[in-house]
Amino acid sequence: MFIIYFVGFSRAFGFGEQYILALNLVNLITDPVWDALGAIPKIAKIDISQSRFNYKKALKYSAIITGIYTLVCIVLFFSLSKLYDIVLTIGLVYLSIQLLDFIVNIFKSNLQIFLQLEHSALKSTIIHVGCKFLRTILSVVILSPYNTNIAQIICGVLGLSAYLILRFKYFKLNEEGVLVSKVLKKDISQNFDTEQNE
């Protein structure tokens, strides 16, 4: 993260004062929201540990929380943009990427914790670290004032895609909205067929 922000922001700031102001304003607004959205995986972890995690409900409540914070970000952005004297289009690009990543986070944060605890901590960690590594590289090599934000959303979408592949490969959603292992059902049915044949 040090490399992402130190090198990435240095590169973005090289494009001029208007980008510095816009990026600082958007970060001022969205950083506390990212901290608050950290509650989503914590709630998921508690629910999973107590065997009451409902994926469908988790997504619904995560979407509600994220929607409220998104509205707060939009209101703060337009309230403070004149005070900070930013170029509106530049600020809106930065804000839009952050808001899009909020939406990706609804699905990613719930799935990451679920797969880490219920499937494979190793696979989840590899995906997480791999995305951080790629984000670092992209933040450094992308020649744009939006480099850190572009890297962030690309890695968010790639991470979500990897978690979704694991989710659909190993789990299915039952009628109650709970993720159920496909492998477990296959193993049980194979064992049952073997016992009947014997």
# chains A, B, ... in the order shown; residues from 1 in each chain; ligands from 1
call {"tool": "residues_around", "arguments": {"residues": "stretch 139-144 of chain A", "least_positions_apart": "2", "cutoff": "12 Å", "atoms": "only C-alpha atoms", "output": "PyMOL selection string"}}
result
chain A and resi 1-16+19+94+131-137+146-155
call {"tool": "residues_around", "arguments": {"residues": "stretch 116-122 of chain A", "least_positions_apart": "3", "cutoff": "9 Å", "atoms": "only C-alpha atoms", "output": "PyMOL selection string"}}
result
chain A and resi 45+48-49+111-113+125-127+166+170+181
call {"tool": "closest_atom_pairs", "arguments": {"of": "stretch 94-166 of chain A", "to": "stretch 56-73 of chain A", "cutoff": "8 Å", "atoms": "only C-alpha atoms", "output": "tab-separated table"}}
result
residue	atom	partner	partner_atom	distance
A:Leu99	CA	A:Thr70	CA	6.6
A:Phe102	CA	A:Thr66	CA	6.7
A:Ile103	CA	A:Thr66	CA	7.3
A:Ile106	CA	A:Ser62	CA	5.7
A:Phe107	CA	A:Leu59	CA	6.7
A:Asn110	CA	A:Ala58	CA	7.3
call {"tool": "select_by_dssp", "arguments": {"residues": "stretch 124-155 of chain A", "states": "alpha helix (DSSP H)", "output": "PyMOL selection string"}}
result
chain A and resi 124-141+147-155
call {"tool": "closest_residue", "arguments": {"among": "A:Ile43, A:Ile90, A:Leu95, A:Leu80", "to": "A:Thr30", "atoms": "only C-alpha atoms"}}
result
A:Leu95
call {"tool": "closest_residue", "arguments": {"among": "A:Leu88, A:Leu37, A:Ile165, A:Val180", "to": "A:Lys123", "atoms": "only C-alpha atoms"}}
result
A:Ile165
